[in-house]
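Read the structure below first, then the notes.
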Number of protein chains: 2
Amino acid sequence: MAARKKTRKKAARKSTRRAPQSTSERKASLQAQDVQRRNDQMNGVTVDMICSAANGVYKDIQKRSKPDLHFPVRSLKNVSYSRQKGYFEIGKQKKTRTLTVNTVRSFAQTLRMMGLSKELVETNDFATKRDAYYQSKNWEEAHFDEQNESDAVMDDIEALFSVKNISREQLRFVPDEHGGAVAGRLIVLDPDRDTGVVERIDCTRFGSGAYSIPSNVEHLSFETNAKFILVIETGGVFQRLQSHKFWQTASCILISMAGVPTRATRRFIRKLSDGCKLPVYAFVDCDPYGISNIYRTLKVGSGNAAHLSQFFCVPQARFLGVTPQDIIDYELPTHPLLDVDIKRAKDALKNDPFFKAHKPWQKALEQLLGMGVRAEQQALAKWGLNYVIEEYLPRKLRQVDAFLP
Amino acid sequence: MAARKKTRKKAARKSTRRAPQSTSERKASLQAQDVQRRNDQMNGVTVDMICSAANGVYKDIQKRSKPDLHFPVRSLKNVSYSRQKGYFEIGKQKKTRTLTVNTVRSFAQTLRMMGLSKELVETNDFATKRDAYYQSKNWEEAHFDEQNESDAVMDDIEALFSVKNISREQLRFVPDEHGGAVAGRLIVLDPDRDTGVVERIDCTRFGSGAYSIPSNVEHLSFETNAKFILVIETGGVFQRLQSHKFWQTASCILISMAGVPTRATRRFIRKLSDGCKLPVYAFVDCDPYGISNIYRTLKVGSGNAAHLSQFFCVPQARFLGVTPQDIIDYELPTHPLLDVDIKRAKDALKNDPFFKAHKPWQKALEQLLGMGVRAEQQALAKWGLNYVIEEYLPRKLRQVDAFLP
């Protein structure tokens with residue numbers, strides 16, 4: 001660890017010696033250093049928190065009293081939503097795990113998992129859920145038999161530390177999922193994990209390809225002159241907008257979610273939007289899945305992972321389309337709503353704190369239910385493959401105030 | 001179209017006027033121009049083929065005889081495999097669609113779909129299956145009611161032209177799926193679709209992120225000093241190797257498949273391996289799915305899409321691991337084989353022309369069935385998160401001749 005720190009310092013000295021090429025690069029380098037400094041700080045806080053939780057247990061044992069750990073309850077019933085905060089927030093209900101003869105194994109596993117997290121922070125490394133499960137195979141009596149056991153312990157630890165404002169990524173637990181694809185007016189600044197030298201990744205320079213978001217984005221910072229971020233449900237529409245350089249004409253950044261956005265993708269959008277003060281517009285299918293799963297998860301988070309919302313949701317996101325009204329205005333080809341669609345929409349209206357808080361959304365969902373149909377974003381191709389670029393998006397973007405919340 | 005050609009020519013002139021910066025860049029630029037030239041040629045051939053098929057129909061009608069079209073049968077029964085060719089090849093069985101009162105609609109749809117393809121080639125554009133479906137909504141009587149109808153017609157057209165060595169991508173039909181992620185010693189050369197100016201995308205310069213493969217890769221060419229391509233099943237392992245710059249120490253290119261590789265990913269690997277004469281090593285889970293679905297599809301193609309194998313499979317791929325023998329040698333944690341795993345392995349041994357042609361694979365599958373267990377590639381994390389980088393891969397790569405075929 002000491003050796004690695006040294007390398008980083010040396011590289012930093014080396015990189016400062018090399019004269020920066022422009023004001024914007026100098027600014028970017030300072031910005032990246034700032035992110036680095038804040039991350040180093042957060043790493044210290046994370047390790048302190050883990051030690052303090054472990055010390056509490058240790059002291060209880062020394063006092064010969066039964067140690068316990070308090071985890072927030074992770075369920076929709078322990079979630080609140082306020083338009084002001086803008087995301088699902090985990091409530092105050094706690095479950096307690098006390099060390100007894102019956103719980104000794106899971107108690108030990110929880111502590112070992114916290115120990116793994118501390119080690120990961122200190123070695124500047126990371127682990128996926130699956131990595132952690134297999135690591136445990138060397139923990140002797142404390143090993144996990146099934147991955148769902150280790151997943152649950154990891155989720156508990158995440159929830160435990162989330163109430164102290166420490167995210168899963170700060171604990172160095174990263175998702176196994178692929179990240180979204182990015183193209184457009186954006187430079188990503190990514191400091192090397194060993195040397196600290198900052199890589200400048202220009203997302204206008206990927207030709208017909210794109211930048212693939214890494215699992216962990218905490219160390220990234222950004223430079224952009226874009227006016228907004230357009231997040232897109234399907235790879236097909238993303239590829240069309242990217243190949244035709246829509247980001248150039250519209251001055252924007254394109255991000256493909258490929259379905260429900262992964263955590264890394266959501267965190268990336270959030271950090272980018274927060275850091276660069278950019279509005280986020282969502283372009284998804286007009287169906288209850290696109291609206292209540294993809295868009296709702298992007299904007300406010302999901303019920304069973306509310307302890308993550310504060311880090312991962314994008315409360316500033318707004319809904320560009322496809323709206324139920326678009327189906328009428330653009331005479332789109334439709335499919336009938338399936339039973340599962342109808343159930344999902346009715347559930348959203350009845351039980352989802354987000355839709356209950358937003359009248360325009362209630363109207364839109366009721367309109368969709370009334371019409372009994374759904375439409376995909378690619379339905380615009382009825383009017384020509386590039387109608388979406390030449391007509392639909394420009395027209396929509398002239399009226400951003402009319403976007404659904 | 002004429003206007004676009006002019007722009008491209010102008011840009012090409014402009015770009016040649018600018019003095020290339022190095023020999024390798026000059027070489028790369030020539031290479032990209034070569035790809036461009038070959039693609040332009042192929043576009044001509046494609047349009048000619050479409051016109052000749054349509055003309056055949058037209059002449060039959062003029063002669064007052066019933067026109068018909070002959071499509072290769074797409075099924076495992078019409079597939080052959082030879083170790084020499086190295087991929088599943090579609091056989092000679094044909095089905096005939098004759099224009100009658102009953103088939104008039106699907107016959108018209110087939111011709112319109114061929115017309116769409118011609119238009120796409122001529123405007124240098126592309127369409128996904130879904131795009132094509134929605135485009136048809138403006139074809140009046142010839143529109144499709146359901147997407148599976150238009151998908152089937154597209155598949156037929158692909159098969160029809162594949163026997164003339166024209167791939168789906170040359171017909172400008174592209175997949176809707178996301179592409180794999182790439183990192184390492186590779187520069188991708190991607191000429192702009194309007195100006196022809198070549199973008200040089202350096203895959204060593206993406207920090208912890210990666211290059212995301214576009215849906216269509218026909219126009220790409222490559223520059224590399226890597227020794228091999230390592231294709232990886234899971235995003236988690238890819239991220240670990242990428243973050244720790246395994247590509248640097250091992251002089252290679254890393255490609256994440258994220259499960260069964262998409263067509264764009266397979267085509268990318270194939271073009272890269274062919275063009276740069278690089279061996280391809282596959283690193284996947286040791287289970288019947290990893291072996292007979294992911295690896296087999298990568299290497300020789302799949303049964304119901306054999307008309308694509310000649311373009312999409314990677315016959316030069318070899319299996320690095322995880323092998324059944326690795327489970328023993330590395331004392332890996334395992335899971336019991338499920339019924340579906342056992343069925344899949346037995347099917348492969350009994351019916352799959354690929355496994356039937358390779359003795360070492362029969363032995364390996366039988367060994368796996370005998371052990372009754374499977375192991376994931378991340379199981380190596382039992383020995384430490386970076387054991388895979390520091391021990392497993394280096395040790396394996398010292399014995400590439402021992403890789404399964």
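By order of appearance in the structure tokens: chains A, B, ..., then residues from 1 within every chain, and ligands from 1 in the order shown.
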
Using only C-alpha atoms and a cut-off of 6 Å, which residues of chain B sit close to chain A? Please list them as a compact mmCIF listing (two decimals) with N, CA, C and O atoms, in the first residue's frame.
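Written out: result-v6.txt:
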```
# COMPACT_ATOMS: atom_id res chain seq x y z
N ASP B 131 -36.94 -1.54 -36.48
CA ASP B 131 -37.07 -0.44 -37.44
C ASP B 131 -37.80 -0.92 -38.69
O ASP B 131 -38.71 -0.25 -39.18
N TYR B 134 -41.51 -1.41 -38.22
CA TYR B 134 -42.30 -0.17 -38.18
C TYR B 134 -42.30 0.55 -39.53
O TYR B 134 -43.27 1.18 -39.90
N GLN B 135 -41.19 0.44 -40.26
CA GLN B 135 -41.17 1.00 -41.61
C GLN B 135 -42.31 0.44 -42.43
O GLN B 135 -42.95 1.15 -43.20
N LYS B 137 -45.16 -0.25 -41.72
CA LYS B 137 -46.49 0.30 -41.43
C LYS B 137 -46.93 1.29 -42.49
O LYS B 137 -48.10 1.65 -42.57
N ASP B 176 -30.24 -5.19 -32.66
CA ASP B 176 -30.68 -4.16 -31.72
C ASP B 176 -29.88 -4.25 -30.42
O ASP B 176 -29.94 -3.39 -29.56
N GLU B 177 -29.09 -5.34 -30.29
CA GLU B 177 -28.41 -5.61 -29.03
C GLU B 177 -27.20 -4.72 -28.84
O GLU B 177 -26.60 -4.26 -29.79
N HIS B 178 -26.82 -4.53 -27.58
CA HIS B 178 -25.61 -3.79 -27.28
C HIS B 178 -24.40 -4.62 -27.69
O HIS B 178 -24.47 -5.85 -27.72
N ASP B 190 -12.06 4.01 -37.73
CA ASP B 190 -13.48 4.11 -38.03
C ASP B 190 -13.72 5.33 -38.91
O ASP B 190 -13.71 6.46 -38.43
N GLU B 199 -11.43 8.13 -37.86
CA GLU B 199 -11.21 8.32 -36.43
C GLU B 199 -10.32 7.18 -35.94
O GLU B 199 -10.58 6.03 -36.26
N GLY B 207 -8.94 4.54 -19.56
CA GLY B 207 -8.94 4.49 -18.10
C GLY B 207 -9.58 3.20 -17.64
O GLY B 207 -9.27 2.12 -18.14
N SER B 208 -10.52 3.32 -16.70
CA SER B 208 -11.20 2.12 -16.21
C SER B 208 -12.39 1.76 -17.09
O SER B 208 -13.01 0.72 -16.90
N GLY B 209 -12.72 2.62 -18.06
CA GLY B 209 -13.82 2.34 -18.98
C GLY B 209 -13.37 1.50 -20.15
O GLY B 209 -12.30 0.87 -20.11
N ALA B 210 -14.15 1.47 -21.22
CA ALA B 210 -13.83 0.61 -22.35
C ALA B 210 -14.47 1.15 -23.62
O ALA B 210 -15.25 2.10 -23.57
N TYR B 211 -14.12 0.52 -24.76
CA TYR B 211 -14.72 0.85 -26.05
C TYR B 211 -15.91 -0.06 -26.26
O TYR B 211 -15.81 -1.28 -26.11
N SER B 212 -17.04 0.53 -26.58
CA SER B 212 -18.24 -0.26 -26.79
C SER B 212 -18.42 -0.49 -28.30
O SER B 212 -18.48 0.44 -29.08
N ILE B 213 -18.49 -1.76 -28.71
CA ILE B 213 -18.55 -2.14 -30.12
C ILE B 213 -19.87 -1.68 -30.75
O ILE B 213 -20.92 -1.93 -30.17
N PRO B 214 -19.82 -1.01 -31.90
CA PRO B 214 -21.08 -0.59 -32.55
C PRO B 214 -21.83 -1.78 -33.14
O PRO B 214 -21.27 -2.87 -33.29
N GLY B 235 -18.79 -9.64 -17.12
CA GLY B 235 -18.39 -8.25 -16.98
C GLY B 235 -17.48 -8.06 -15.78
O GLY B 235 -16.56 -7.24 -15.80
N GLY B 236 -17.72 -8.84 -14.71
CA GLY B 236 -16.92 -8.71 -13.49
C GLY B 236 -15.45 -9.02 -13.73
O GLY B 236 -14.58 -8.27 -13.31
N ALA B 379 -14.76 -18.26 -9.47
CA ALA B 379 -14.43 -19.16 -8.37
C ALA B 379 -12.94 -19.07 -8.01
O ALA B 379 -12.53 -19.38 -6.89
N ALA B 381 -11.44 -16.59 -7.32
CA ALA B 381 -11.30 -15.58 -6.26
C ALA B 381 -11.13 -16.21 -4.89
O ALA B 381 -10.72 -15.55 -3.94
N LYS B 382 -11.43 -17.50 -4.78
CA LYS B 382 -11.17 -18.20 -3.52
C LYS B 382 -9.72 -17.99 -3.09
O LYS B 382 -9.42 -17.87 -1.91
```

All helix (DSSP H, G or I) residues (DSSP, backbone) inside range 183-344 of chain B, as an mmCIF file with N, CA, C and O atoms, in the first residue's frame:
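For reference, out22.cif as written:
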```cif
data_model
loop_
_atom_site.group_PDB
_atom_site.id
_atom_site.type_symbol
_atom_site.label_atom_id
_atom_site.label_comp_id
_atom_site.auth_asym_id
_atom_site.auth_seq_id
_atom_site.Cartn_x
_atom_site.Cartn_y
_atom_site.Cartn_z
ATOM 1 N N GLY B 235 -18.793 -9.636 -17.125
ATOM 2 C CA GLY B 235 -18.393 -8.246 -16.980
ATOM 3 C C GLY B 235 -17.477 -8.059 -15.778
ATOM 4 O O GLY B 235 -16.557 -7.236 -15.796
ATOM 5 N N GLY B 236 -17.717 -8.837 -14.712
ATOM 6 C CA GLY B 236 -16.923 -8.710 -13.491
ATOM 7 C C GLY B 236 -15.452 -9.022 -13.727
ATOM 8 O O GLY B 236 -14.576 -8.270 -13.311
ATOM 9 N N VAL B 237 -15.181 -10.127 -14.411
ATOM 10 C CA VAL B 237 -13.791 -10.512 -14.666
ATOM 11 C C VAL B 237 -13.157 -9.542 -15.667
ATOM 12 O O VAL B 237 -12.002 -9.139 -15.510
ATOM 13 N N PHE B 238 -13.925 -9.136 -16.685
ATOM 14 C CA PHE B 238 -13.407 -8.143 -17.637
ATOM 15 C C PHE B 238 -12.967 -6.885 -16.888
ATOM 16 O O PHE B 238 -11.872 -6.370 -17.093
ATOM 17 N N GLN B 239 -13.828 -6.392 -15.976
ATOM 18 C CA GLN B 239 -13.521 -5.158 -15.251
ATOM 19 C C GLN B 239 -12.250 -5.322 -14.411
ATOM 20 O O GLN B 239 -11.429 -4.428 -14.324
ATOM 21 N N ARG B 240 -12.105 -6.506 -13.810
ATOM 22 C CA ARG B 240 -10.903 -6.751 -13.000
ATOM 23 C C ARG B 240 -9.650 -6.714 -13.879
ATOM 24 O O ARG B 240 -8.681 -6.029 -13.566
ATOM 25 N N LEU B 241 -9.681 -7.426 -14.997
ATOM 26 C CA LEU B 241 -8.506 -7.460 -15.881
ATOM 27 C C LEU B 241 -8.226 -6.077 -16.467
ATOM 28 O O LEU B 241 -7.073 -5.674 -16.605
ATOM 29 N N GLN B 242 -9.291 -5.340 -16.789
ATOM 30 C CA GLN B 242 -9.129 -4.010 -17.360
ATOM 31 C C GLN B 242 -8.564 -3.045 -16.309
ATOM 32 O O GLN B 242 -7.602 -2.332 -16.566
ATOM 33 N N SER B 243 -9.148 -3.031 -15.116
ATOM 34 C CA SER B 243 -8.697 -2.088 -14.086
ATOM 35 C C SER B 243 -7.249 -2.336 -13.698
ATOM 36 O O SER B 243 -6.520 -1.409 -13.368
ATOM 37 N N PHE B 246 -4.318 -5.790 -17.216
ATOM 38 C CA PHE B 246 -3.767 -7.078 -17.608
ATOM 39 C C PHE B 246 -3.313 -7.048 -19.065
ATOM 40 O O PHE B 246 -2.344 -7.702 -19.453
ATOM 41 N N TRP B 247 -4.017 -6.262 -19.899
ATOM 42 C CA TRP B 247 -3.671 -6.166 -21.326
ATOM 43 C C TRP B 247 -2.265 -5.617 -21.528
ATOM 44 O O TRP B 247 -1.628 -5.891 -22.533
ATOM 45 N N GLN B 248 -1.793 -4.824 -20.560
ATOM 46 C CA GLN B 248 -0.472 -4.234 -20.688
ATOM 47 C C GLN B 248 0.602 -5.287 -20.409
ATOM 48 O O GLN B 248 1.503 -5.494 -21.210
ATOM 49 N N THR B 249 0.478 -5.952 -19.269
ATOM 50 C CA THR B 249 1.474 -6.956 -18.906
ATOM 51 C C THR B 249 1.446 -8.154 -19.859
ATOM 52 O O THR B 249 2.487 -8.710 -20.181
ATOM 53 N N ALA B 250 0.259 -8.534 -20.323
ATOM 54 C CA ALA B 250 0.173 -9.734 -21.154
ATOM 55 C C ALA B 250 0.177 -9.415 -22.652
ATOM 56 O O ALA B 250 0.091 -10.332 -23.462
ATOM 57 N N ARG B 263 -24.016 -10.691 -32.111
ATOM 58 C CA ARG B 263 -23.475 -10.839 -33.464
ATOM 59 C C ARG B 263 -22.396 -9.813 -33.744
ATOM 60 O O ARG B 263 -21.363 -10.135 -34.335
ATOM 61 N N ALA B 264 -22.641 -8.568 -33.304
ATOM 62 C CA ALA B 264 -21.650 -7.524 -33.560
ATOM 63 C C ALA B 264 -20.329 -7.883 -32.877
ATOM 64 O O ALA B 264 -19.249 -7.707 -33.444
ATOM 65 N N THR B 265 -20.411 -8.412 -31.659
ATOM 66 C CA THR B 265 -19.204 -8.775 -30.924
ATOM 67 C C THR B 265 -18.461 -9.906 -31.631
ATOM 68 O O THR B 265 -17.235 -9.867 -31.786
ATOM 69 N N ARG B 266 -19.219 -10.935 -32.088
ATOM 70 C CA ARG B 266 -18.573 -12.056 -32.779
ATOM 71 C C ARG B 266 -17.926 -11.592 -34.072
ATOM 72 O O ARG B 266 -16.792 -11.960 -34.390
ATOM 73 N N ARG B 267 -18.634 -10.757 -34.816
ATOM 74 C CA ARG B 267 -18.108 -10.279 -36.087
ATOM 75 C C ARG B 267 -16.852 -9.428 -35.854
ATOM 76 O O ARG B 267 -15.887 -9.503 -36.615
ATOM 77 N N PHE B 268 -16.877 -8.639 -34.787
ATOM 78 C CA PHE B 268 -15.741 -7.789 -34.436
ATOM 79 C C PHE B 268 -14.518 -8.657 -34.140
ATOM 80 O O PHE B 268 -13.421 -8.438 -34.664
ATOM 81 N N ILE B 269 -14.706 -9.687 -33.316
ATOM 82 C CA ILE B 269 -13.600 -10.581 -32.956
ATOM 83 C C ILE B 269 -13.056 -11.260 -34.208
ATOM 84 O O ILE B 269 -11.849 -11.345 -34.422
ATOM 85 N N ARG B 270 -13.972 -11.740 -35.059
ATOM 86 C CA ARG B 270 -13.575 -12.429 -36.269
ATOM 87 C C ARG B 270 -12.755 -11.527 -37.195
ATOM 88 O O ARG B 270 -11.680 -11.889 -37.665
ATOM 89 N N LYS B 271 -13.267 -10.315 -37.437
ATOM 90 C CA LYS B 271 -12.574 -9.381 -38.329
ATOM 91 C C LYS B 271 -11.198 -9.019 -37.767
ATOM 92 O O LYS B 271 -10.209 -8.957 -38.492
ATOM 93 N N LEU B 272 -11.170 -8.792 -36.453
ATOM 94 C CA LEU B 272 -9.921 -8.409 -35.796
ATOM 95 C C LEU B 272 -8.906 -9.545 -35.868
ATOM 96 O O LEU B 272 -7.727 -9.340 -36.199
ATOM 97 N N SER B 273 -9.370 -10.749 -35.574
ATOM 98 C CA SER B 273 -8.483 -11.906 -35.576
ATOM 99 C C SER B 273 -7.982 -12.212 -36.987
ATOM 100 O O SER B 273 -6.790 -12.439 -37.213
ATOM 101 N N ASP B 274 -8.884 -12.188 -37.959
ATOM 102 C CA ASP B 274 -8.502 -12.427 -39.365
ATOM 103 C C ASP B 274 -7.537 -11.347 -39.843
ATOM 104 O O ASP B 274 -6.480 -11.641 -40.399
ATOM 105 N N GLY B 275 -7.932 -10.087 -39.608
ATOM 106 C CA GLY B 275 -7.180 -8.967 -40.166
ATOM 107 C C GLY B 275 -5.787 -8.855 -39.580
ATOM 108 O O GLY B 275 -4.834 -8.502 -40.278
ATOM 109 N N CYS B 276 -5.644 -9.162 -38.291
ATOM 110 C CA CYS B 276 -4.354 -8.954 -37.623
ATOM 111 C C CYS B 276 -3.660 -10.268 -37.279
ATOM 112 O O CYS B 276 -2.653 -10.270 -36.572
ATOM 113 N N PRO B 288 -21.931 -26.553 -18.825
ATOM 114 C CA PRO B 288 -22.373 -26.855 -20.188
ATOM 115 C C PRO B 288 -22.846 -25.620 -20.947
ATOM 116 O O PRO B 288 -22.718 -25.556 -22.168
ATOM 117 N N TYR B 289 -23.365 -24.613 -20.250
ATOM 118 C CA TYR B 289 -23.814 -23.408 -20.934
ATOM 119 C C TYR B 289 -22.621 -22.618 -21.483
ATOM 120 O O TYR B 289 -22.606 -22.196 -22.637
ATOM 121 N N GLY B 290 -21.603 -22.451 -20.622
ATOM 122 C CA GLY B 290 -20.402 -21.726 -21.044
ATOM 123 C C GLY B 290 -19.711 -22.433 -22.203
ATOM 124 O O GLY B 290 -19.222 -21.807 -23.138
ATOM 125 N N ILE B 291 -19.688 -23.758 -22.132
ATOM 126 C CA ILE B 291 -18.982 -24.531 -23.151
ATOM 127 C C ILE B 291 -19.808 -24.667 -24.429
ATOM 128 O O ILE B 291 -19.361 -24.309 -25.509
ATOM 129 N N SER B 292 -21.058 -25.153 -24.287
ATOM 130 C CA SER B 292 -21.773 -25.507 -25.514
ATOM 131 C C SER B 292 -22.615 -24.356 -26.053
ATOM 132 O O SER B 292 -22.991 -24.376 -27.230
ATOM 133 N N ASN B 293 -22.919 -23.369 -25.256
ATOM 134 C CA ASN B 293 -23.624 -22.225 -25.829
ATOM 135 C C ASN B 293 -22.666 -21.083 -26.139
ATOM 136 O O ASN B 293 -22.503 -20.691 -27.280
ATOM 137 N N ILE B 294 -21.997 -20.577 -25.112
ATOM 138 C CA ILE B 294 -21.158 -19.394 -25.341
ATOM 139 C C ILE B 294 -19.975 -19.714 -26.251
ATOM 140 O O ILE B 294 -19.808 -19.119 -27.307
ATOM 141 N N TYR B 295 -19.152 -20.697 -25.854
ATOM 142 C CA TYR B 295 -17.940 -20.985 -26.623
ATOM 143 C C TYR B 295 -18.260 -21.560 -28.007
ATOM 144 O O TYR B 295 -17.696 -21.155 -29.011
ATOM 145 N N ARG B 296 -19.167 -22.519 -28.048
ATOM 146 C CA ARG B 296 -19.508 -23.159 -29.319
ATOM 147 C C ARG B 296 -20.070 -22.132 -30.305
ATOM 148 O O ARG B 296 -19.727 -22.121 -31.498
ATOM 149 N N THR B 297 -20.964 -21.239 -29.815
ATOM 150 C CA THR B 297 -21.535 -20.210 -30.687
ATOM 151 C C THR B 297 -20.453 -19.270 -31.192
ATOM 152 O O THR B 297 -20.423 -18.896 -32.358
ATOM 153 N N LEU B 298 -19.548 -18.889 -30.300
ATOM 154 C CA LEU B 298 -18.435 -18.020 -30.703
ATOM 155 C C LEU B 298 -17.610 -18.684 -31.799
ATOM 156 O O LEU B 298 -17.278 -18.073 -32.811
ATOM 157 N N LYS B 299 -17.299 -19.959 -31.609
ATOM 158 C CA LYS B 299 -16.342 -20.628 -32.490
ATOM 159 C C LYS B 299 -16.933 -21.095 -33.826
ATOM 160 O O LYS B 299 -16.348 -20.859 -34.872
ATOM 161 N N VAL B 300 -18.094 -21.756 -33.783
ATOM 162 C CA VAL B 300 -18.609 -22.336 -35.027
ATOM 163 C C VAL B 300 -19.995 -21.840 -35.427
ATOM 164 O O VAL B 300 -20.491 -22.181 -36.501
ATOM 165 N N GLY B 303 -27.069 -23.429 -34.617
ATOM 166 C CA GLY B 303 -27.820 -24.246 -35.565
ATOM 167 C C GLY B 303 -28.820 -23.447 -36.389
ATOM 168 O O GLY B 303 -28.810 -23.507 -37.616
ATOM 169 N N ASN B 304 -29.671 -22.677 -35.734
ATOM 170 C CA ASN B 304 -30.754 -22.018 -36.462
ATOM 171 C C ASN B 304 -30.308 -20.758 -37.192
ATOM 172 O O ASN B 304 -31.105 -20.077 -37.813
ATOM 173 N N ALA B 305 -29.019 -20.417 -37.080
ATOM 174 C CA ALA B 305 -28.538 -19.251 -37.823
ATOM 175 C C ALA B 305 -27.273 -19.631 -38.579
ATOM 176 O O ALA B 305 -26.342 -18.850 -38.700
ATOM 177 N N ALA B 306 -27.251 -20.864 -39.096
ATOM 178 C CA ALA B 306 -26.042 -21.360 -39.760
ATOM 179 C C ALA B 306 -25.717 -20.549 -41.011
ATOM 180 O O ALA B 306 -24.574 -20.487 -41.440
ATOM 181 N N HIS B 307 -26.763 -19.894 -41.584
ATOM 182 C CA HIS B 307 -26.489 -19.092 -42.783
ATOM 183 C C HIS B 307 -25.594 -17.896 -42.460
ATOM 184 O O HIS B 307 -25.104 -17.220 -43.346
ATOM 185 N N LEU B 308 -25.408 -17.626 -41.159
ATOM 186 C CA LEU B 308 -24.569 -16.496 -40.768
ATOM 187 C C LEU B 308 -23.158 -16.911 -40.365
ATOM 188 O O LEU B 308 -22.257 -16.081 -40.276
ATOM 189 N N SER B 309 -22.977 -18.226 -40.094
ATOM 190 C CA SER B 309 -21.730 -18.668 -39.473
ATOM 191 C C SER B 309 -20.499 -18.220 -40.226
ATOM 192 O O SER B 309 -19.509 -17.811 -39.642
ATOM 193 N N GLN B 310 -20.562 -18.303 -41.569
ATOM 194 C CA GLN B 310 -19.358 -17.981 -42.338
ATOM 195 C C GLN B 310 -18.858 -16.576 -42.058
ATOM 196 O O GLN B 310 -17.682 -16.297 -42.192
ATOM 197 N N PHE B 311 -19.764 -15.674 -41.658
ATOM 198 C CA PHE B 311 -19.338 -14.306 -41.367
ATOM 199 C C PHE B 311 -19.060 -14.086 -39.880
ATOM 200 O O PHE B 311 -18.263 -13.243 -39.512
ATOM 201 N N PHE B 312 -19.772 -14.827 -39.028
ATOM 202 C CA PHE B 312 -19.814 -14.451 -37.625
ATOM 203 C C PHE B 312 -19.023 -15.340 -36.683
ATOM 204 O O PHE B 312 -18.724 -14.956 -35.577
ATOM 205 N N PRO B 324 -12.836 -28.541 -17.017
ATOM 206 C CA PRO B 324 -13.140 -29.484 -15.934
ATOM 207 C C PRO B 324 -11.875 -29.853 -15.142
ATOM 208 O O PRO B 324 -11.916 -29.961 -13.919
ATOM 209 N N GLN B 325 -10.747 -30.015 -15.833
ATOM 210 C CA GLN B 325 -9.510 -30.378 -15.134
ATOM 211 C C GLN B 325 -9.055 -29.257 -14.187
ATOM 212 O O GLN B 325 -8.486 -29.509 -13.121
ATOM 213 N N ASP B 326 -9.336 -27.982 -14.567
ATOM 214 C CA ASP B 326 -8.994 -26.842 -13.699
ATOM 215 C C ASP B 326 -9.688 -26.942 -12.345
ATOM 216 O O ASP B 326 -9.149 -26.525 -11.321
ATOM 217 N N ILE B 327 -10.920 -27.464 -12.367
ATOM 218 C CA ILE B 327 -11.674 -27.592 -11.112
ATOM 219 C C ILE B 327 -10.866 -28.417 -10.126
ATOM 220 O O ILE B 327 -10.781 -28.095 -8.938
ATOM 221 N N ILE B 328 -10.228 -29.481 -10.634
ATOM 222 C CA ILE B 328 -9.409 -30.342 -9.786
ATOM 223 C C ILE B 328 -8.071 -29.666 -9.472
ATOM 224 O O ILE B 328 -7.697 -29.518 -8.309
ATOM 225 N N ASP B 329 -7.383 -29.197 -10.517
ATOM 226 C CA ASP B 329 -6.036 -28.648 -10.336
ATOM 227 C C ASP B 329 -6.019 -27.427 -9.423
ATOM 228 O O ASP B 329 -5.062 -27.209 -8.685
ATOM 229 N N ASP B 339 -30.287 -30.428 -13.587
ATOM 230 C CA ASP B 339 -30.809 -31.315 -14.637
ATOM 231 C C ASP B 339 -30.616 -30.710 -16.023
ATOM 232 O O ASP B 339 -30.249 -31.402 -16.976
ATOM 233 N N VAL B 340 -30.869 -29.376 -16.099
ATOM 234 C CA VAL B 340 -30.760 -28.708 -17.398
ATOM 235 C C VAL B 340 -29.312 -28.732 -17.902
ATOM 236 O O VAL B 340 -29.063 -28.850 -19.100
ATOM 237 N N ASP B 341 -28.343 -28.645 -16.963
ATOM 238 C CA ASP B 341 -26.930 -28.733 -17.348
ATOM 239 C C ASP B 341 -26.612 -30.115 -17.915
ATOM 240 O O ASP B 341 -25.935 -30.244 -18.938
ATOM 241 N N ILE B 342 -27.103 -31.129 -17.212
ATOM 242 C CA ILE B 342 -26.820 -32.511 -17.620
ATOM 243 C C ILE B 342 -27.421 -32.785 -19.003
ATOM 244 O O ILE B 342 -26.769 -33.335 -19.893
ATOM 245 N N LYS B 343 -28.667 -32.304 -19.179
ATOM 246 C CA LYS B 343 -29.342 -32.484 -20.465
ATOM 247 C C LYS B 343 -28.547 -31.793 -21.578
ATOM 248 O O LYS B 343 -28.318 -32.352 -22.656
ATOM 249 N N ARG B 344 -28.109 -30.573 -21.289
ATOM 250 C CA ARG B 344 -27.364 -29.797 -22.287
ATOM 251 C C ARG B 344 -26.064 -30.504 -22.689
ATOM 252 O O ARG B 344 -25.735 -30.595 -23.874
#
```

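From CA of Val231 in chain A back to CA of Arg374 in chain A, the distance works out to 19.9 Å.
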
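The shell of residues at most 7 Å from range 350-366 of chain A, with only C-alpha atoms counted and near chain neighbours (fewer than 4 positions) removed, consists of Tyr81, Pro324, Ala345, Lys346, Gly370 and Leu404 of chain A.
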